[in-house]
file protein-v8.tsv (TSV, C-alpha atoms and all ligand atoms)
chain	number	residue	atom	x	y	z
A	1	MET	CA	0.00	0.00	0.00
A	2	HIS	CA	1.12	3.51	-0.73
A	3	PRO	CA	2.39	5.46	2.31
A	4	ASP	CA	-0.03	8.37	1.84
A	5	GLN	CA	-2.96	6.14	1.19
A	6	ALA	CA	-5.89	6.08	3.56
A	7	PRO	CA	-6.69	2.44	4.24
A	8	ASP	CA	-10.13	2.52	2.66
A	9	LYS	CA	-9.31	4.33	-0.56
A	10	PRO	CA	-8.55	2.24	-3.63
A	11	LEU	CA	-5.34	3.02	-5.47
A	12	LEU	CA	-5.25	4.05	-9.11
A	13	SER	CA	-1.98	3.50	-10.99
A	14	LEU	CA	-1.10	5.44	-14.09
A	15	VAL	CA	1.51	3.73	-16.23
A	16	VAL	CA	3.40	6.07	-18.51
A	17	PRO	CA	6.18	5.03	-20.92
A	18	PHE	CA	8.69	7.79	-21.73
A	19	TYR	CA	11.09	7.63	-24.63
A	20	ASN	CA	12.89	10.88	-25.45
A	21	GLU	CA	9.96	12.91	-24.17
A	22	SER	CA	12.03	15.74	-22.70
A	23	SER	CA	9.81	18.41	-24.25
A	24	ALA	CA	6.55	16.75	-23.20
A	25	ILE	CA	7.17	15.91	-19.54
A	26	ALA	CA	6.34	19.31	-18.03
A	27	HIS	CA	3.06	19.55	-19.97
A	28	PHE	CA	2.16	16.05	-18.96
A	29	PHE	CA	2.49	16.55	-15.21
A	30	GLN	CA	0.93	20.00	-15.32
A	31	ARG	CA	-2.19	18.66	-16.90
A	32	ILE	CA	-2.50	15.31	-15.20
A	33	THR	CA	-1.81	16.21	-11.57
A	34	PRO	CA	-4.88	18.42	-10.97
A	35	ILE	CA	-7.14	15.82	-12.58
A	36	LEU	CA	-5.82	13.04	-10.37
A	37	ALA	CA	-5.89	15.22	-7.29
A	38	ALA	CA	-9.57	15.94	-7.92
A	39	LEU	CA	-10.42	12.23	-7.74
A	40	ASP	CA	-11.10	12.37	-4.03
A	41	THR	CA	-12.41	8.86	-3.66
A	42	LEU	CA	-9.15	7.42	-4.97
A	43	ASP	CA	-5.48	7.57	-4.21
A	44	TYR	CA	-3.12	7.52	-7.11
A	45	GLU	CA	0.43	6.77	-8.13
A	46	ILE	CA	2.18	7.54	-11.41
A	47	VAL	CA	4.54	4.83	-12.60
A	48	CYS	CA	6.93	6.37	-15.12
A	49	ILE	CA	9.05	4.07	-17.25
A	50	ASN	CA	12.11	5.57	-18.83
A	51	ASP	CA	12.56	3.43	-21.92
A	52	GLY	CA	16.23	4.13	-22.53
A	53	SER	CA	15.83	7.80	-23.45
A	54	ALA	CA	18.90	9.52	-24.84
A	55	ASP	CA	17.85	13.02	-23.73
A	56	ASP	CA	17.27	14.37	-20.22
A	57	THR	CA	13.95	12.57	-19.76
A	58	LEU	CA	15.29	10.50	-16.86
A	59	ALA	CA	16.76	13.50	-15.03
A	60	GLN	CA	13.47	15.38	-15.32
A	61	LEU	CA	11.49	12.39	-14.09
A	62	ILE	CA	13.78	11.87	-11.12
A	63	ALA	CA	13.43	15.54	-10.20
A	64	ILE	CA	9.65	15.16	-10.18
A	65	ALA	CA	9.79	11.93	-8.19
A	66	GLU	CA	11.97	13.62	-5.59
A	67	ARG	CA	9.24	16.16	-4.92
A	68	ASP	CA	6.23	13.88	-5.07
A	69	SER	CA	6.17	10.46	-3.44
A	70	ARG	CA	3.28	9.41	-5.63
A	71	VAL	CA	5.53	9.47	-8.66
A	72	ARG	CA	7.80	6.48	-9.16
A	73	VAL	CA	10.41	6.12	-11.87
A	74	ILE	CA	11.52	2.82	-13.35
A	75	ASP	CA	14.63	3.19	-15.46
A	76	LEU	CA	15.10	0.44	-18.04
A	77	SER	CA	18.62	-0.55	-19.04
A	78	ARG	CA	18.07	0.46	-22.69
A	79	ASN	CA	15.29	1.15	-25.19
A	80	PHE	CA	13.10	-1.95	-25.22
A	81	GLY	CA	10.19	-0.47	-27.19
A	82	LYS	CA	6.82	0.77	-26.05
A	83	GLU	CA	5.25	-2.65	-25.56
A	84	ALA	CA	8.02	-3.82	-23.26
A	85	ALA	CA	8.04	-0.49	-21.38
A	86	LEU	CA	4.32	-0.82	-20.84
A	87	THR	CA	4.76	-4.37	-19.61
A	88	ALA	CA	7.38	-3.18	-17.14
A	89	GLY	CA	5.00	-0.50	-15.87
A	90	LEU	CA	2.11	-2.91	-15.54
A	91	ASN	CA	4.27	-5.31	-13.56
A	92	GLU	CA	5.40	-2.55	-11.23
A	93	ALA	CA	1.98	-0.96	-10.73
A	94	LEU	CA	0.42	-1.53	-7.30
A	95	GLY	CA	-3.04	-0.13	-8.01
A	96	ASP	CA	-6.47	-1.69	-7.76
A	97	ALA	CA	-7.03	-0.22	-11.20
A	98	VAL	CA	-4.41	0.65	-13.77
A	99	ILE	CA	-4.46	3.07	-16.70
A	100	PRO	CA	-1.68	3.01	-19.29
A	101	ILE	CA	-1.38	6.45	-20.87
A	102	ASP	CA	0.99	8.06	-23.41
A	103	ALA	CA	3.31	10.79	-22.26
A	104	ASP	CA	2.47	13.07	-25.18
A	105	LEU	CA	-1.08	13.79	-23.92
A	106	GLN	CA	-2.63	12.31	-27.03
A	107	ASP	CA	-4.74	10.32	-24.61
A	108	PRO	CA	-6.68	13.09	-22.85
A	109	PRO	CA	-6.30	12.81	-19.06
A	110	GLU	CA	-9.72	14.50	-18.71
A	111	LEU	CA	-11.18	11.14	-19.64
A	112	ILE	CA	-9.76	9.45	-16.53
A	113	PRO	CA	-12.69	10.34	-14.23
A	114	ARG	CA	-15.09	8.82	-16.78
A	115	LEU	CA	-13.00	5.65	-16.99
A	116	VAL	CA	-12.99	5.42	-13.22
A	117	GLU	CA	-16.74	5.95	-13.07
A	118	GLN	CA	-17.35	2.98	-15.35
A	119	TRP	CA	-14.96	0.91	-13.27
A	120	ARG	CA	-16.99	1.87	-10.19
A	121	ASN	CA	-20.05	0.63	-12.06
A	122	GLY	CA	-18.51	-2.81	-12.09
A	123	TYR	CA	-16.70	-3.00	-15.44
A	124	GLU	CA	-13.32	-4.69	-15.33
A	125	VAL	CA	-12.03	-3.12	-18.52
A	126	VAL	CA	-12.99	0.36	-19.69
A	127	LEU	CA	-11.84	1.09	-23.23
A	128	ALA	CA	-11.23	4.59	-24.49
A	129	LYS	CA	-12.33	4.67	-28.09
A	130	ARG	CA	-11.35	7.59	-30.27
A	131	VAL	CA	-14.12	8.88	-32.46
A	132	ASN	CA	-11.89	10.70	-34.93
A	133	ARG	CA	-8.42	10.31	-36.28
A	134	ASP	CA	-8.04	13.89	-37.48
A	135	SER	CA	-4.78	14.20	-35.62
A	136	ASP	CA	-3.28	11.48	-37.83
A	137	SER	CA	-2.25	11.88	-41.45
A	138	TYR	CA	-4.51	10.54	-44.22
A	139	LEU	CA	-2.06	7.73	-44.91
A	140	LYS	CA	-1.88	6.68	-41.26
A	141	ARG	CA	-5.67	6.66	-41.02
A	142	LYS	CA	-6.07	4.53	-44.12
A	143	THR	CA	-3.35	2.07	-43.21
A	144	ALA	CA	-4.70	1.76	-39.68
A	145	GLN	CA	-8.14	1.01	-41.07
A	146	LEU	CA	-6.70	-1.59	-43.42
A	147	PHE	CA	-4.73	-3.15	-40.61
A	148	TYR	CA	-7.76	-3.57	-38.34
A	149	ARG	CA	-9.75	-5.06	-41.19
A	150	LEU	CA	-7.01	-7.51	-42.13
A	151	TYR	CA	-6.28	-8.35	-38.51
A	152	ASN	CA	-9.88	-9.08	-37.65
A	153	ALA	CA	-10.24	-11.17	-40.80
A	154	VAL	CA	-7.37	-13.50	-39.91
A	155	SER	CA	-7.43	-13.54	-36.12
A	156	ASP	CA	-9.82	-15.34	-33.79
A	157	ILE	CA	-9.44	-12.61	-31.19
A	158	LYS	CA	-11.06	-9.48	-32.55
A	159	LEU	CA	-9.44	-6.13	-31.89
A	160	PRO	CA	-11.89	-3.33	-31.21
A	161	ASP	CA	-11.00	-0.65	-33.77
A	162	ASN	CA	-9.77	2.81	-32.86
A	163	VAL	CA	-8.85	1.67	-29.38
A	164	GLY	CA	-5.26	2.09	-28.27
A	165	ASP	CA	-3.48	1.14	-25.09
A	166	PHE	CA	-5.27	3.93	-23.22
A	167	ARG	CA	-7.85	2.16	-21.06
A	168	LEU	CA	-8.60	1.27	-17.49
A	169	ILE	CA	-8.02	-2.28	-16.32
A	170	ASP	CA	-8.95	-3.81	-13.01
A	171	ARG	CA	-6.42	-5.57	-10.80
A	172	GLN	CA	-7.91	-8.92	-11.80
A	173	VAL	CA	-7.31	-8.22	-15.48
A	174	LEU	CA	-3.79	-7.11	-14.72
A	175	GLU	CA	-3.08	-10.39	-12.93
A	176	ALA	CA	-4.45	-12.24	-15.95
A	177	LEU	CA	-2.16	-10.25	-18.26
A	178	LYS	CA	0.82	-11.09	-16.11
A	179	GLN	CA	0.15	-14.75	-16.74
A	180	LEU	CA	0.81	-14.34	-20.46
A	181	PRO	CA	4.50	-15.15	-20.67
A	182	GLU	CA	5.26	-14.22	-24.25
A	183	ASN	CA	8.29	-12.21	-24.98
A	184	ARG	CA	7.15	-10.36	-28.06
A	185	ARG	CA	4.28	-8.39	-26.70
A	186	PHE	CA	1.55	-6.99	-28.88
A	187	MET	CA	-0.31	-5.32	-26.04
A	188	LYS	CA	-3.51	-4.52	-27.91
A	189	GLY	CA	-3.84	-8.20	-28.77
A	190	LEU	CA	-2.99	-9.36	-25.25
A	191	PHE	CA	-5.53	-6.96	-23.77
A	192	ALA	CA	-8.16	-8.34	-26.15
A	193	TRP	CA	-7.18	-11.92	-25.43
A	194	VAL	CA	-7.83	-11.77	-21.69
A	195	GLY	CA	-11.41	-10.58	-22.18
A	196	PHE	CA	-13.40	-9.59	-19.04
A	197	LYS	CA	-16.43	-7.36	-18.69
A	198	THR	CA	-15.83	-4.36	-20.88
A	199	ALA	CA	-17.31	-0.89	-21.25
A	200	THR	CA	-16.35	1.74	-23.83
A	201	VAL	CA	-16.00	5.48	-23.43
A	202	GLU	CA	-15.53	7.72	-26.47
A	203	TYR	CA	-13.11	10.61	-26.89
A	204	VAL	CA	-11.50	12.88	-29.45
A	205	ARG	CA	-7.81	12.26	-29.98
A	206	GLU	CA	-5.58	15.28	-29.96
A	207	ALA	CA	-2.35	16.06	-31.72
A	208	ARG	CA	0.90	15.45	-29.87
A	209	SER	CA	1.53	18.11	-27.17
A	210	ALA	CA	5.24	18.37	-28.00
A	211	GLY	CA	8.05	16.41	-29.60
A	212	GLU	CA	7.44	13.98	-32.42
A	213	THR	CA	6.10	10.49	-32.95
A	214	LYS	CA	8.46	7.58	-32.32
A	215	PHE	CA	6.61	5.38	-34.76
A	216	SER	CA	7.76	5.83	-38.32
A	217	GLY	CA	5.99	4.14	-41.24
A	218	TRP	CA	8.48	1.29	-41.23
A	219	ARG	CA	8.15	0.74	-37.48
A	220	LEU	CA	4.37	0.68	-37.80
A	221	TRP	CA	4.61	-1.83	-40.63
A	222	ASN	CA	6.72	-4.14	-38.48
A	223	PHE	CA	4.35	-3.57	-35.60
A	224	ALA	CA	1.44	-4.67	-37.80
A	225	LEU	CA	3.29	-7.84	-38.88
A	226	GLU	CA	4.09	-8.49	-35.24
A	227	GLY	CA	0.43	-8.13	-34.33
A	228	ILE	CA	-0.80	-10.50	-36.97
A	229	THR	CA	1.82	-13.19	-36.47
A	230	SER	CA	1.35	-13.06	-32.69
A	231	PHE	CA	-2.28	-13.88	-32.81
A	232	SER	CA	-2.98	-15.83	-35.95
A	233	THR	CA	-1.54	-18.70	-37.95
A	234	VAL	CA	-3.93	-18.09	-40.82
A	235	PRO	CA	-1.13	-16.75	-43.08
A	236	LEU	CA	0.54	-20.16	-42.80
A	237	ARG	CA	-2.62	-21.86	-43.91
A	238	TRP	CA	-2.98	-19.52	-46.88
A	239	TRP	CA	0.11	-21.12	-48.36
A	240	THR	CA	-1.46	-24.54	-48.23
A	241	TYR	CA	-4.42	-23.23	-50.21
A	242	CYS	CA	-2.21	-21.27	-52.55
A	243	GLY	CA	-0.05	-24.34	-53.19
A	244	SER	CA	-3.11	-26.53	-53.72
A	245	ALA	CA	-4.61	-24.10	-56.21
A	246	ILE	CA	-1.39	-23.86	-58.19
A	247	SER	CA	-0.94	-27.65	-58.19
A	248	LEU	CA	-4.47	-28.14	-59.45
A	249	PHE	CA	-3.89	-25.61	-62.19
A	250	ALA	CA	-0.57	-27.29	-63.12
A	251	PHE	CA	-2.24	-30.69	-63.25
A	252	ILE	CA	-4.96	-29.50	-65.62
A	253	TYR	CA	-2.45	-27.68	-67.76
A	254	GLY	CA	-0.32	-30.84	-67.88
A	255	LEU	CA	-3.30	-32.84	-69.16
A	256	VAL	CA	-3.93	-30.22	-71.84
A	257	ILE	CA	-0.31	-30.42	-73.01
A	258	ILE	CA	-0.32	-34.22	-73.08
A	259	PHE	CA	-3.44	-34.31	-75.23
A	260	LYS	CA	-2.11	-31.60	-77.50
A	261	THR	CA	1.13	-33.56	-77.97
A	262	LEU	CA	-0.79	-36.77	-78.69
A	263	ILE	CA	-2.93	-35.08	-81.30
A	264	HIS	CA	-0.59	-32.57	-82.93
A	265	GLY	CA	2.79	-34.19	-82.23
A	266	ILE	CA	5.72	-32.37	-80.63
A	267	ASP	CA	6.45	-28.76	-81.37
A	268	MET	CA	9.23	-26.83	-79.70
A	269	PRO	CA	8.04	-23.26	-79.00
A	270	GLY	CA	7.20	-22.59	-75.39
A	271	TYR	CA	10.25	-20.78	-74.07
A	272	ALA	CA	8.19	-17.79	-72.92
A	273	SER	CA	5.57	-19.85	-71.11
A	274	ILE	CA	8.19	-22.04	-69.38
A	275	LEU	CA	10.14	-19.06	-68.19
A	276	THR	CA	6.99	-17.36	-66.90
A	277	VAL	CA	5.89	-20.44	-65.00
A	278	VAL	CA	9.34	-21.04	-63.52
A	279	LEU	CA	9.69	-17.45	-62.34
A	280	PHE	CA	6.15	-17.31	-61.01
A	281	LEU	CA	6.51	-20.51	-59.03
A	282	GLY	CA	9.94	-19.46	-57.81
A	283	GLY	CA	8.44	-16.24	-56.49
A	284	ILE	CA	5.51	-17.96	-54.85
A	285	GLN	CA	7.81	-20.44	-53.13
A	286	LEU	CA	10.06	-17.72	-51.80
A	287	ILE	CA	7.11	-15.81	-50.35
A	288	GLY	CA	5.89	-19.02	-48.74
A	289	ILE	CA	9.28	-19.63	-47.20
A	290	GLY	CA	9.30	-16.03	-45.99
A	291	VAL	CA	6.00	-16.52	-44.17
A	292	LEU	CA	7.26	-19.77	-42.66
A	293	GLY	CA	10.42	-17.97	-41.61
A	294	GLU	CA	8.38	-15.26	-39.92
A	295	TYR	CA	6.75	-17.82	-37.64
A	296	LEU	CA	9.90	-19.84	-37.16
A	297	GLY	CA	11.72	-16.67	-36.15
A	298	ARG	CA	9.07	-15.92	-33.55
A	299	THR	CA	9.31	-19.44	-32.18
A	300	TYR	CA	13.08	-19.07	-31.99
A	301	LEU	CA	12.90	-15.77	-30.12
A	302	GLU	CA	10.25	-17.03	-27.73
A	303	SER	CA	12.12	-20.26	-27.07
A	304	LYS	CA	15.08	-18.38	-25.62
A	305	GLY	CA	12.86	-17.24	-22.77
A	306	ARG	CA	14.74	-14.00	-22.22
A	307	PRO	CA	13.23	-11.42	-19.91
A	308	ILE	CA	11.04	-8.84	-21.63
A	309	TYR	CA	12.96	-5.89	-20.17
A	310	LEU	CA	15.69	-5.15	-17.66
A	311	ILE	CA	15.45	-2.55	-14.93
A	312	ARG	CA	18.53	-0.50	-14.15
A	313	ARG	CA	17.11	1.28	-11.13
A	314	ARG	CA	13.92	2.37	-9.42
A	315	TYR	CA	13.53	5.87	-8.03
A	316	GLN	CA	11.03	6.89	-5.39
A	317	LYS	CA	10.97	9.56	-2.75
A	318	ALA	CA	11.63	8.07	0.67
A	319	GLU	CA	8.63	8.01	3.00
A	320	ASP	CA	8.54	11.04	5.22
B	1	LIG	N1	7.51	5.07	-26.37
B	1	LIG	C1	8.35	4.24	-25.62
B	1	LIG	N2	9.32	3.51	-26.25
B	1	LIG	C2	9.51	3.55	-27.60
B	1	LIG	C3	8.63	4.37	-28.37
B	1	LIG	C4	7.65	5.11	-27.72
B	1	LIG	O1	8.21	4.16	-24.39
B	1	LIG	O2	10.41	2.88	-28.12
B	1	LIG	C5	6.44	5.86	-25.69
B	1	LIG	C6	6.45	7.35	-25.99
B	1	LIG	O3	7.32	8.04	-25.15
B	1	LIG	C7	5.00	7.73	-25.75
B	1	LIG	C8	4.25	6.48	-26.18
B	1	LIG	O4	5.20	5.41	-26.15
B	1	LIG	O5	4.72	7.96	-24.38
B	1	LIG	C9	3.62	6.61	-27.55
B	1	LIG	O6	4.59	6.98	-28.51
B	1	LIG	P1	4.27	7.98	-29.71
B	1	LIG	O7	3.46	9.13	-29.22
B	1	LIG	O8	5.57	8.30	-30.38
B	1	LIG	O9	3.39	7.07	-30.65
B	1	LIG	P2	2.11	7.52	-31.54
B	1	LIG	O10	1.19	8.29	-30.64
B	1	LIG	O11	2.66	8.36	-32.63
B	1	LIG	O12	1.54	6.22	-32.02
B	2	MG	MG	1.66	9.84	-29.58
call {"tool": "encode", "arguments": {"input": "protein-v8.tsv", "output": "structure tokens", "more": "lines below"}}
Ligand code: UDP
Ligand code: MG
result
Amino acid sequence: MHPDQAPDKPLLSLVVPFYNESSAIAHFFQRITPILAALDTLDYEIVCINDGSADDTLAQLIAIAERDSRVRVIDLSRNFGKEAALTAGLNEALGDAVIPIDADLQDPPELIPRLVEQWRNGYEVVLAKRVNRDSDSYLKRKTAQLFYRLYNAVSDIKLPDNVGDFRLIDRQVLEALKQLPENRRFMKGLFAWVGFKTATVEYVREARSAGETKFSGWRLWNFALEGITSFSTVPLRWWTYCGSAISLFAFIYGLVIIFKTLIHGIDMPGYASILTVVLFLGGIQLIGIGVLGEYLGRTYLESKGRPIYLIRRRYQKAED
């Protein structure tokens, strides 16, 4: 239990990953502190994870933690990526309810009281669903839409669309999440996998308060592949169908050629068609091997059983 916590008040943990957020930290605490302080039926703590920032993010966080015992800082040994940082924060959080939130204020803290209210109503998960994506570029909107469609088509566990990591989860859900041992963590998928009684609250997503996004197009693409291969083996099965279809076609074509040869005798032309078929099949096989490799690679990485993140040090103001 937190030192300042009255025994009967439940504790709310905010989990915030920070990666090179030097220019966003001050805004973040300015805006979030009054909102949390106004929640008088709850105590709160802010678990900040420094995900190997190269700027003065850590120094700023430590300075804040030294003034406020409700702020804790977990310094990871290097940059492990947002999913791992979030996992670290969730593991460290002590709250009866936990809210992961981005440091750039794109997840509006004003929504927190509404999330808490739904939790009080008995929901174990309260999703924050964004009703617009105006703050994202056209391309990001379209690709995100495509991703959700593709993902939900191939995966048994459906992802609610336009829902990020910003949500409230109950202690029970957190304990369930902790039981999922996988190393490569696609948090949205893991959150969806555990289930529980869920409510949704809508909000308008804002533009970044300061600094710039850490997710380039290429990183998002890899993130999407990660998401799909973590939760579905349908792409593997596609290759069975693809192979079957091509074999069937080849068989029929073979019959046609045999009959043609029997009737018309042998003629030599056919260089173009042979080359086309050889190249086409070569390409198909390579793609198939690539997909296999994708899954094999995941199995390999998981089988090592390495920890998801390493903590260098924890910072917290001593009890006074
Ligand atoms: N983040 C992190 N590690 C990383 C990349 C990002 O902890 O390797 C944090 C970042 O500091 C922010 C959150 O994850 O708090 C979301 O990142 P960002 O705003 O860049 O993503 P976007 O909103 O553009 O999807
Ligand atoms: Mg952001």
call {"tool": "residues_around", "arguments": {"input": "protein-v8.tsv", "residues": "segment 37-41 of chain A", "least_positions_apart": "6", "cutoff": "12 Å", "atoms": "all atoms listed in the file", "output": "list in words"}}
result
Gln5, Ala6, Pro7, Asp8, Lys9, Pro10, Leu11, Leu12, Phe29, Gln30, Arg31, Arg70, Glu110, Leu111, Ile112, Pro113, Arg114, Leu115, Val116, Glu117 and Arg120 of chain A
call {"tool": "residues_near_ligand", "arguments": {"input": "protein-v8.tsv", "ligand": "ligand LIG 1 (chain B)", "cutoff": "10 Å", "atoms": "all atoms listed in the file", "output": "JSON list (two decimals) with C-alpha atoms, in the coordinates of the input"}}
result
[["chain", "number", "residue", "atom", "x", "y", "z"],
["A", 15, "VAL", "CA", 1.51, 3.73, -16.23],
["A", 16, "VAL", "CA", 3.40, 6.07, -18.51],
["A", 17, "PRO", "CA", 6.18, 5.03, -20.92],
["A", 18, "PHE", "CA", 8.69, 7.79, -21.73],
["A", 19, "TYR", "CA", 11.09, 7.63, -24.63],
["A", 20, "ASN", "CA", 12.89, 10.88, -25.45],
["A", 21, "GLU", "CA", 9.96, 12.91, -24.17],
["A", 22, "SER", "CA", 12.03, 15.74, -22.70],
["A", 24, "ALA", "CA", 6.55, 16.75, -23.20],
["A", 25, "ILE", "CA", 7.17, 15.91, -19.54],
["A", 48, "CYS", "CA", 6.93, 6.37, -15.12],
["A", 49, "ILE", "CA", 9.05, 4.07, -17.25],
["A", 50, "ASN", "CA", 12.11, 5.57, -18.83],
["A", 51, "ASP", "CA", 12.56, 3.43, -21.92],
["A", 52, "GLY", "CA", 16.23, 4.13, -22.53],
["A", 53, "SER", "CA", 15.83, 7.80, -23.45],
["A", 57, "THR", "CA", 13.95, 12.57, -19.76],
["A", 78, "ARG", "CA", 18.07, 0.46, -22.69],
["A", 79, "ASN", "CA", 15.29, 1.15, -25.19],
["A", 80, "PHE", "CA", 13.10, -1.95, -25.22],
["A", 81, "GLY", "CA", 10.19, -0.47, -27.19],
["A", 82, "LYS", "CA", 6.82, 0.77, -26.05],
["A", 83, "GLU", "CA", 5.25, -2.65, -25.56],
["A", 84, "ALA", "CA", 8.02, -3.82, -23.26],
["A", 85, "ALA", "CA", 8.04, -0.49, -21.38],
["A", 86, "LEU", "CA", 4.32, -0.82, -20.84],
["A", 100, "PRO", "CA", -1.68, 3.01, -19.29],
["A", 101, "ILE", "CA", -1.38, 6.45, -20.87],
["A", 102, "ASP", "CA", 0.99, 8.06, -23.41],
["A", 103, "ALA", "CA", 3.31, 10.79, -22.26],
["A", 104, "ASP", "CA", 2.47, 13.07, -25.18],
["A", 105, "LEU", "CA", -1.08, 13.79, -23.92],
["A", 106, "GLN", "CA", -2.63, 12.31, -27.03],
["A", 107, "ASP", "CA", -4.74, 10.32, -24.61],
["A", 135, "SER", "CA", -4.78, 14.20, -35.62],
["A", 136, "ASP", "CA", -3.28, 11.48, -37.83],
["A", 140, "LYS", "CA", -1.88, 6.68, -41.26],
["A", 164, "GLY", "CA", -5.26, 2.09, -28.27],
["A", 165, "ASP", "CA", -3.48, 1.14, -25.09],
["A", 205, "ARG", "CA", -7.81, 12.26, -29.98],
["A", 206, "GLU", "CA", -5.58, 15.28, -29.96],
["A", 207, "ALA", "CA", -2.35, 16.06, -31.72],
["A", 208, "ARG", "CA", 0.90, 15.45, -29.87],
["A", 209, "SER", "CA", 1.53, 18.11, -27.17],
["A", 210, "ALA", "CA", 5.24, 18.37, -28.00],
["A", 211, "GLY", "CA", 8.05, 16.41, -29.60],
["A", 212, "GLU", "CA", 7.44, 13.98, -32.42],
["A", 213, "THR", "CA", 6.10, 10.49, -32.95],
["A", 214, "LYS", "CA", 8.46, 7.58, -32.32],
["A", 215, "PHE", "CA", 6.61, 5.38, -34.76],
["A", 216, "SER", "CA", 7.76, 5.83, -38.32],
["A", 219, "ARG", "CA", 8.15, 0.74, -37.48],
["A", 220, "LEU", "CA", 4.37, 0.68, -37.80]]
call {"tool": "atom_distance", "arguments": {"input": "protein-v8.tsv", "atom1": "atom CA of Thr198 of chain A", "atom2": "atom CA of Ser155 of chain A"}}
result
19.7 Å
call {"tool": "atom_distance", "arguments": {"input": "protein-v8.tsv", "atom1": "atom CA of Phe28 of chain A", "atom2": "atom CA of Val126 of chain A"}}
result
21.8 Å
call {"tool": "atom_distance", "arguments": {"input": "protein-v8.tsv", "atom1": "atom CA of Leu94 of chain A", "atom2": "atom CA of Ser13 of chain A"}}
result
6.7 Å
call {"tool": "residues_near_point", "arguments": {"input": "protein-v8.tsv", "point": "(-6.0, -5.5, -42.5)", "cutoff": "12 Å", "atoms": "all atoms listed in the file", "output": "JSON, numbers by chain"}}
result
{"A": [142, 143, 144, 145, 146, 147, 148, 149, 150, 151, 152, 153, 154, 155, 158, 159, 161, 221, 224, 225, 227, 228]}
call {"tool": "residues_around", "arguments": {"input": "protein-v8.tsv", "residues": "segment 275-285 of chain A", "least_positions_apart": "6", "cutoff": "10 Å", "atoms": "all atoms listed in the file", "output": "JSON, numbers by chain"}}
result
{"A": [239, 242, 243, 246, 250, 291]}
call {"tool": "closest_residue", "arguments": {"input": "protein-v8.tsv", "among": "A:Leu61, A:Leu180, A:Leu168, A:Leu236", "to": "Gln118 of chain A", "atoms": "all atoms listed in the file"}}
result
A:Leu168
call {"tool": "decode", "arguments": {"input": "protein-v8.tsv", "residues": "segment 51-65 of chain A", "atoms": "N, CA and C atoms", "output": "PDB file, in the first residue's frame"}}
result
ATOM      1  N   ASP A  51      12.214   4.500 -20.999  1.00  0.00           N
ATOM      2  CA  ASP A  51      12.559   3.427 -21.925  1.00  0.00           C
ATOM      3  C   ASP A  51      13.857   3.761 -22.665  1.00  0.00           C
ATOM      4  N   GLY A  52      14.933   3.898 -21.918  1.00  0.00           N
ATOM      5  CA  GLY A  52      16.231   4.134 -22.528  1.00  0.00           C
ATOM      6  C   GLY A  52      16.336   5.441 -23.299  1.00  0.00           C
ATOM      7  N   SER A  53      15.759   6.511 -22.761  1.00  0.00           N
ATOM      8  CA  SER A  53      15.830   7.804 -23.454  1.00  0.00           C
ATOM      9  C   SER A  53      17.265   8.294 -23.552  1.00  0.00           C
ATOM     10  N   ALA A  54      17.553   8.979 -24.656  1.00  0.00           N
ATOM     11  CA  ALA A  54      18.903   9.518 -24.836  1.00  0.00           C
ATOM     12  C   ALA A  54      18.977  10.980 -24.404  1.00  0.00           C
ATOM     13  N   ASP A  55      17.831  11.611 -24.153  1.00  0.00           N
ATOM     14  CA  ASP A  55      17.852  13.016 -23.733  1.00  0.00           C
ATOM     15  C   ASP A  55      17.727  13.108 -22.203  1.00  0.00           C
ATOM     16  N   ASP A  56      17.290  14.249 -21.680  1.00  0.00           N
ATOM     17  CA  ASP A  56      17.272  14.374 -20.220  1.00  0.00           C
ATOM     18  C   ASP A  56      15.941  13.934 -19.596  1.00  0.00           C
ATOM     19  N   THR A  57      15.224  13.074 -20.287  1.00  0.00           N
ATOM     20  CA  THR A  57      13.951  12.575 -19.761  1.00  0.00           C
ATOM     21  C   THR A  57      14.112  12.012 -18.342  1.00  0.00           C
ATOM     22  N   LEU A  58      15.115  11.153 -18.167  1.00  0.00           N
ATOM     23  CA  LEU A  58      15.293  10.501 -16.860  1.00  0.00           C
ATOM     24  C   LEU A  58      15.543  11.530 -15.758  1.00  0.00           C
ATOM     25  N   ALA A  59      16.443  12.484 -16.037  1.00  0.00           N
ATOM     26  CA  ALA A  59      16.765  13.501 -15.028  1.00  0.00           C
ATOM     27  C   ALA A  59      15.506  14.272 -14.630  1.00  0.00           C
ATOM     28  N   GLN A  60      14.697  14.638 -15.626  1.00  0.00           N
ATOM     29  CA  GLN A  60      13.468  15.380 -15.324  1.00  0.00           C
ATOM     30  C   GLN A  60      12.514  14.536 -14.483  1.00  0.00           C
ATOM     31  N   LEU A  61      12.399  13.264 -14.831  1.00  0.00           N
ATOM     32  CA  LEU A  61      11.488  12.389 -14.090  1.00  0.00           C
ATOM     33  C   LEU A  61      11.948  12.233 -12.645  1.00  0.00           C
ATOM     34  N   ILE A  62      13.262  12.047 -12.480  1.00  0.00           N
ATOM     35  CA  ILE A  62      13.783  11.869 -11.124  1.00  0.00           C
ATOM     36  C   ILE A  62      13.510  13.115 -10.287  1.00  0.00           C
ATOM     37  N   ALA A  63      13.689  14.288 -10.913  1.00  0.00           N
ATOM     38  CA  ALA A  63      13.428  15.542 -10.198  1.00  0.00           C
ATOM     39  C   ALA A  63      11.979  15.594  -9.727  1.00  0.00           C
ATOM     40  N   ILE A  64      11.064  15.147 -10.572  1.00  0.00           N
ATOM     41  CA  ILE A  64       9.650  15.162 -10.184  1.00  0.00           C
ATOM     42  C   ILE A  64       9.391  14.145  -9.065  1.00  0.00           C
ATOM     43  N   ALA A  65       9.994  12.971  -9.197  1.00  0.00           N
ATOM     44  CA  ALA A  65       9.791  11.927  -8.194  1.00  0.00           C
ATOM     45  C   ALA A  65      10.347  12.336  -6.836  1.00  0.00           C
TER      46      ALA A  65
END
